[in-house]
$ cat work.cif   # mmCIF, C-alpha atoms
data_upload
#
loop_
_atom_site.label_atom_id
_atom_site.label_comp_id
_atom_site.auth_asym_id
_atom_site.auth_seq_id
_atom_site.Cartn_x
_atom_site.Cartn_y
_atom_site.Cartn_z
CA MET A 1 2.10 -23.22 10.04
CA SER A 2 -1.17 -21.66 8.99
CA THR A 3 -3.30 -23.94 6.87
CA THR A 4 -6.72 -22.36 7.26
CA THR A 5 -8.04 -21.87 3.74
CA ASP A 6 -10.28 -18.96 4.71
CA SER A 7 -7.31 -16.79 5.70
CA LYS A 8 -6.13 -14.24 3.13
CA VAL A 9 -2.53 -14.81 4.22
CA ARG A 10 -1.30 -18.39 4.29
CA ILE A 11 1.93 -20.36 4.40
CA GLN A 12 1.32 -23.98 3.53
CA LEU A 13 2.93 -27.21 2.38
CA GLU A 14 0.24 -28.11 -0.12
CA ASP A 15 -0.29 -26.63 -3.58
CA PHE A 16 -3.03 -24.08 -4.23
CA SER A 17 -5.45 -23.50 -7.10
CA VAL A 18 -4.94 -20.10 -8.73
CA THR A 19 -8.51 -20.20 -10.09
CA ASP A 20 -10.01 -21.00 -6.69
CA GLU A 21 -7.99 -18.28 -4.98
CA ILE A 22 -9.12 -15.68 -7.54
CA GLU A 23 -12.74 -16.78 -7.13
CA VAL A 24 -12.47 -16.33 -3.35
CA MET A 25 -11.15 -12.78 -3.83
CA LYS A 26 -13.84 -11.91 -6.42
CA LYS A 27 -16.44 -12.51 -3.72
CA VAL A 28 -14.91 -9.87 -1.43
CA SER A 29 -16.77 -6.97 -3.05
CA ARG A 30 -19.19 -6.19 -5.88
CA ASN A 31 -17.07 -3.11 -6.65
CA ILE A 32 -14.10 -5.12 -7.94
CA GLY A 33 -13.28 -4.04 -11.47
CA GLY A 34 -9.69 -5.21 -11.75
CA ILE A 35 -7.64 -8.14 -10.47
CA THR A 36 -3.87 -8.48 -10.75
CA THR A 37 -2.10 -11.71 -9.80
CA PHE A 38 1.54 -12.60 -9.39
CA LEU A 39 2.36 -16.31 -9.53
CA GLY A 40 5.92 -17.36 -8.73
CA THR A 41 6.93 -20.84 -9.90
CA GLY A 42 9.93 -23.13 -9.59
CA ARG A 43 12.56 -22.26 -12.22
CA GLU A 44 14.93 -24.91 -13.54
CA LEU A 45 17.96 -22.73 -14.28
CA SER A 46 19.77 -20.71 -11.61
CA LYS A 47 23.17 -19.10 -12.14
CA GLY A 48 23.93 -21.50 -15.00
CA GLU A 49 23.09 -24.63 -13.04
CA ASN A 50 20.13 -26.95 -13.43
CA ILE A 51 18.05 -27.16 -10.29
CA THR A 52 16.49 -30.51 -9.52
CA GLN A 53 14.46 -29.42 -6.50
CA LEU A 54 13.64 -26.41 -4.35
CA ASN A 55 12.91 -26.42 -0.66
CA PHE A 56 11.48 -23.53 1.31
CA GLU A 57 11.71 -22.96 5.05
CA HIS A 58 10.03 -20.22 7.09
CA TYR A 59 9.98 -18.77 10.57
CA PRO A 60 6.50 -19.78 11.75
CA LYS A 61 4.34 -16.96 13.13
CA MET A 62 6.81 -14.21 12.17
CA ALA A 63 6.48 -14.99 8.45
CA GLU A 64 2.67 -14.99 8.63
CA LYS A 65 2.80 -11.75 10.62
CA LYS A 66 4.96 -10.09 7.95
CA LEU A 67 2.65 -11.24 5.15
CA GLU A 68 -0.35 -9.79 7.00
CA GLU A 69 1.54 -6.50 7.46
CA ILE A 70 2.20 -6.43 3.69
CA ARG A 71 -1.47 -7.12 2.95
CA LEU A 72 -2.73 -4.37 5.25
CA LYS A 73 -0.18 -1.82 4.00
CA ALA A 74 -1.03 -2.61 0.36
CA ILE A 75 -4.72 -1.97 1.09
CA LYS A 76 -3.96 1.25 2.97
CA ASP A 77 -1.26 2.74 0.74
CA TYR A 78 -2.47 1.73 -2.73
CA GLY A 79 -6.22 1.95 -2.26
CA ILE A 80 -6.97 -1.59 -3.38
CA ILE A 81 -10.01 -3.37 -1.98
CA ASP A 82 -8.18 -6.45 -0.72
CA MET A 83 -5.19 -8.74 -1.24
CA SER A 84 -4.37 -12.38 -0.60
CA ILE A 85 -0.87 -13.81 -0.27
CA ILE A 86 -0.13 -17.54 -0.26
CA HIS A 87 3.39 -18.97 -0.03
CA ARG A 88 4.31 -22.64 -0.08
CA ILE A 89 7.05 -24.24 2.00
CA GLY A 90 8.73 -27.64 1.92
CA PRO A 91 9.92 -29.43 -1.22
CA ILE A 92 8.81 -27.92 -4.52
CA GLU A 93 9.45 -29.42 -7.93
CA ILE A 94 10.42 -27.43 -11.03
CA GLY A 95 7.36 -25.80 -12.57
CA GLU A 96 5.27 -26.04 -9.41
CA ASN A 97 3.57 -23.07 -7.75
CA ILE A 98 5.54 -21.26 -5.03
CA VAL A 99 3.80 -18.00 -4.26
CA LEU A 100 0.56 -16.31 -5.28
CA ILE A 101 -0.47 -12.71 -4.72
CA VAL A 102 -3.96 -11.58 -5.72
CA ALA A 103 -4.74 -7.85 -5.59
CA VAL A 104 -8.33 -6.77 -6.19
CA GLY A 105 -9.48 -3.19 -6.68
CA GLU A 106 -12.01 -0.94 -8.36
CA HIS A 107 -9.59 -0.21 -11.21
CA ARG A 108 -6.59 -2.00 -12.72
CA LYS A 109 -3.94 0.63 -12.03
CA GLU A 110 -3.79 0.34 -8.24
CA THR A 111 -3.87 -3.47 -8.37
CA PHE A 112 -0.83 -3.62 -10.71
CA VAL A 113 1.19 -1.31 -8.47
CA ALA A 114 0.12 -3.01 -5.23
CA CYS A 115 0.92 -6.47 -6.57
CA GLU A 116 4.40 -5.51 -7.72
CA TRP A 117 5.12 -3.73 -4.43
CA ALA A 118 3.86 -6.71 -2.40
CA ILE A 119 6.15 -9.31 -4.01
CA ALA A 120 9.17 -7.03 -3.63
CA GLU A 121 8.25 -6.39 0.01
CA LEU A 122 7.74 -10.11 0.64
CA LYS A 123 11.25 -10.83 -0.62
CA ARG A 124 12.67 -8.01 1.51
CA THR A 125 10.89 -8.50 4.83
CA THR A 126 9.47 -11.99 5.17
CA PRO A 127 11.56 -14.69 6.88
CA ILE A 128 11.35 -17.36 4.20
CA TRP A 129 14.42 -19.10 2.79
CA LYS A 130 15.00 -21.08 -0.39
CA ARG A 131 17.35 -24.04 -0.72
CA GLU A 132 18.26 -25.18 -4.21
CA THR A 133 19.39 -28.71 -5.05
CA THR A 134 21.65 -29.04 -8.09
CA SER A 135 24.07 -31.70 -9.32
CA SER A 136 26.73 -29.89 -7.22
CA GLY A 137 24.75 -30.29 -4.01
CA GLU A 138 22.43 -28.18 -1.89
CA VAL A 139 22.77 -24.44 -1.31
CA TRP A 140 20.75 -21.88 0.63
CA VAL A 141 20.01 -18.93 -1.63
CA GLN A 142 21.27 -15.71 -0.07
CA ASP A 143 20.06 -13.15 -2.56
CA THR A 144 16.66 -12.25 -3.96
CA PRO A 145 16.77 -11.32 -7.66
CA MET B 146 14.84 -18.48 30.09
CA ILE B 147 15.69 -17.20 26.62
CA THR B 148 14.92 -19.26 23.54
CA ILE B 149 17.35 -18.84 20.65
CA LYS B 150 16.46 -20.03 17.16
CA PHE B 151 18.61 -20.47 14.07
CA PHE B 152 17.21 -20.71 10.55
CA ALA B 153 18.26 -21.97 7.12
CA SER B 154 22.06 -21.74 6.56
CA LEU B 155 22.61 -20.60 10.17
CA LYS B 156 21.50 -23.99 11.50
CA THR B 157 24.61 -25.48 9.88
CA ILE B 158 26.88 -22.71 11.14
CA ALA B 159 25.51 -22.85 14.69
CA GLU B 160 25.27 -26.66 14.53
CA MET B 161 21.87 -26.45 16.18
CA GLU B 162 18.33 -25.29 15.50
CA GLU B 163 17.48 -24.07 18.96
CA LYS B 164 19.18 -23.29 22.23
CA ILE B 165 17.64 -22.41 25.57
CA ILE B 166 19.61 -20.46 28.12
CA GLU B 167 18.75 -19.52 31.68
CA VAL B 168 19.38 -15.93 32.72
CA SER B 169 18.90 -14.15 36.01
CA ASN B 170 18.82 -10.66 34.47
CA SER B 171 18.28 -9.02 31.11
CA ILE B 172 21.30 -9.30 28.82
CA SER B 173 22.70 -7.35 25.87
CA MET B 174 23.19 -8.72 22.38
CA ASP B 175 26.96 -8.66 23.02
CA GLN B 176 26.49 -10.84 26.09
CA LEU B 177 24.29 -13.19 24.11
CA SER B 178 26.88 -13.49 21.33
CA GLU B 179 29.50 -14.36 23.97
CA ILE B 180 27.28 -17.15 25.31
CA ILE B 181 26.68 -18.49 21.79
CA SER B 182 30.41 -18.24 20.98
CA LYS B 183 31.20 -20.74 23.73
CA THR B 184 29.42 -23.53 21.85
CA SER B 185 29.60 -22.08 18.33
CA PRO B 186 32.52 -19.65 17.76
CA LYS B 187 31.63 -19.19 14.10
CA MET B 188 28.06 -18.15 14.95
CA GLY B 189 29.34 -15.71 17.56
CA GLU B 190 31.58 -14.18 14.91
CA PHE B 191 28.64 -13.81 12.52
CA ILE B 192 26.65 -11.96 15.19
CA ARG B 193 29.54 -9.65 16.16
CA GLU B 194 30.26 -8.84 12.52
CA LYS B 195 26.55 -8.20 11.90
CA LYS B 196 26.35 -10.77 9.12
CA VAL B 197 22.92 -11.88 10.32
CA MET B 198 19.61 -10.21 11.02
CA ILE B 199 18.14 -10.58 14.47
CA SER B 200 14.56 -10.71 15.67
CA VAL B 201 13.28 -10.59 19.22
CA ASN B 202 9.76 -11.88 19.80
CA GLU B 203 9.18 -11.92 16.04
CA GLU B 204 10.08 -8.26 15.53
CA MET B 205 13.30 -7.11 13.89
CA ALA B 206 15.94 -6.05 16.40
CA ASP B 207 19.53 -4.82 16.35
CA SER B 208 22.75 -5.04 18.32
CA ASP B 209 21.46 -2.49 20.86
CA THR B 210 18.36 -4.48 21.74
CA ILE B 211 18.19 -5.70 25.33
CA ILE B 212 17.00 -9.26 25.78
CA HIS B 213 14.73 -10.08 28.67
CA ASP B 214 13.83 -13.29 30.45
CA GLY B 215 11.15 -15.06 28.40
CA ASP B 216 12.16 -13.53 25.06
CA GLU B 217 12.57 -15.50 21.85
CA VAL B 218 15.61 -14.44 19.84
CA ALA B 219 16.07 -15.60 16.25
CA PHE B 220 19.09 -15.27 14.00
CA LEU B 221 18.07 -14.87 10.39
CA PRO B 222 20.18 -15.12 7.24
CA PRO B 223 19.19 -12.97 4.22
CA PHE B 224 15.67 -13.83 3.09
CA SER B 225 15.04 -15.58 -0.22
CA GLY B 226 11.31 -16.21 -0.40
CA GLY B 227 9.21 -15.46 -3.44
CA SER B 228 10.34 -17.40 -6.45
#

$ encode --input "work.cif" --output "structure tokens"
Amino acid sequence: MSTTTDSKVRIQLEDFSVTDEIEVMKKVSRNIGGITTFLGTGRELSKGENITQLNFEHYPKMAEKKLEEIRLKAIKDYGIIDMSIIHRIGPIEIGENIVLIVAVGEHRKETFVACEWAIAELKRTTPIWKRETTSSGEVWVQDTP
Amino acid sequence: MITIKFFASLKTIAEMEEKIIEVSNSISMDQLSEIISKTSPKMGEFIREKKVMISVNEEMADSDTIIHDGDEVAFLPPFSGGS
């Protein structure tokens, strides 16, 4: 598991500060004029059932590699200046942070598009799995709404 | 030696997280599924019916991929990261 805080792509057990992560990305360039963030958090209701806890598992090394591929492709294809992607693993309570994507660019338009593409691509290509605990028991989520 | 890893729901189906097998030559995915079927018939069925994704050395692979001595093969259920 990568826990180095200077990396722009991280998978970690501990929570992150959205403010701190944005500040880090603001320092990347003096040409940044727009920043778009996506913050995914633990939702209580899933398919009509109350979730009491979430738990995320990943494939170490491959998951980090996929996130770095997403970051580099977002920079190349959408013309943003940079991107950071942080995903938590382990037990996560309702309302807690799960994933943060920060896209920084000269203008807002490319950062919106890059951020939306990156979260969809993360769900599609990155070996991370979510297990939900409800009153009925524990279940591995097999789809990505 | 080939290292085989199972993740998330597949750990329950395979009844293991990791398996190491010794091979003298490269093997096909079909041969690997036969080996896995001996200890976990249900997992072998999942592989044959292509109900799982496969990676070899952390890159996505398919049923035609040849597995070599020293490779790491992982069986991956559908991803559900994000939020």

$ resolve_selection --input "work.cif" --expression "the PyMOL selection byres ((chain B) within 8 of (chain A))" --output "VMD selection string"
chain B and resid 152 to 154 203 to 204 221 to 228

$ residues_around --input "work.cif" --residues "Ile166 in chain B" --least-positions-apart "4" --cutoff "9 Å" --atoms "all atoms listed in the file" --output "JSON, numbers by chain"
{"B": [146, 147, 148, 149, 180]}

$ closest_residue --input "work.cif" --among "A:Glu110, A:Glu21, A:Glu49, A:Asp15" --to "Ser136 in chain A" --atoms "only C-alpha atoms"
A:Glu49

$ axis_aligned_box --input "work.cif" --around "range 85-101 of chain A" --padding-each-side "3 Å" --output "AutoDock Vina command-line options"
--center_x 4.8 --center_y -21.1 --center_z -5.3 --size_x 17.3 --size_y 22.7 --size_z 20.6

$ residues_around --input "work.cif" --residues "Ser84 in chain A" --least-positions-apart "2" --cutoff "10 Å" --atoms "all atoms listed in the file" --output "PyMOL selection string"
chain A and resi 7-10+21-22+24-25+37+67-68+70-71+82+86+100-104+115

$ atom_distance --input "work.cif" --atom1 "CA of His213 in chain B" --atom2 "CA of Phe151 in chain B"
18.3 Å

$ residues_near_point --input "work.cif" --point "(-8.8, -3.1, -8.9)" --cutoff "8 Å" --atoms "all atoms listed in the file" --output "count of residues only"
16

$ resolve_selection --input "work.cif" --expression "the PyMOL selection byres ((chain B and resi 187-189) around 10)" --output "list in words"
Phe151, Leu155, Lys156, Thr157, Ile158, Ala159, Glu160, Asp175, Leu177, Ser178, Glu179, Ile180, Ile181, Ser182, Lys183, Thr184, Ser185, Pro186, Glu190, Phe191, Ile192, Arg193, Glu194, Lys195, Lys196, Val197 and Phe220 of chain B

$ atom_distance --input "work.cif" --atom1 "CA of Glu44 in chain A" --atom2 "CA of Ile94 in chain A"
5.7 Å

$ atom_distance --input "work.cif" --atom1 "CA of Ile85 in chain A" --atom2 "CA of Arg30 in chain A"
20.6 Å

$ decode --input "work.cif" --residues "range 48-62 of chain A" --atoms "C-alpha atoms" --output "PDB file, in the first residue's frame"
ATOM      1  CA  GLY A  48     -33.264   0.051  -0.118  1.00  0.00           C
ATOM      2  CA  GLU A  49     -31.088  -1.214   2.714  1.00  0.00           C
ATOM      3  CA  ASN A  50     -29.327   0.751   5.416  1.00  0.00           C
ATOM      4  CA  ILE A  51     -25.587   0.265   5.345  1.00  0.00           C
ATOM      5  CA  THR A  52     -23.824   0.246   8.681  1.00  0.00           C
ATOM      6  CA  GLN A  53     -20.272   0.049   7.356  1.00  0.00           C
ATOM      7  CA  LEU A  54     -18.262  -0.085   4.148  1.00  0.00           C
ATOM      8  CA  ASN A  55     -15.003  -1.892   3.620  1.00  0.00           C
ATOM      9  CA  PHE A  56     -12.716  -1.488   0.628  1.00  0.00           C
ATOM     10  CA  GLU A  57     -10.082  -3.924  -0.594  1.00  0.00           C
ATOM     11  CA  HIS A  58      -7.577  -3.400  -3.415  1.00  0.00           C
ATOM     12  CA  TYR A  59      -4.992  -5.284  -5.421  1.00  0.00           C
ATOM     13  CA  PRO A  60      -1.770  -3.654  -4.199  1.00  0.00           C
ATOM     14  CA  LYS A  61       0.551  -2.336  -6.925  1.00  0.00           C
ATOM     15  CA  MET A  62      -1.927  -3.006  -9.759  1.00  0.00           C
TER      16      MET A  62
END
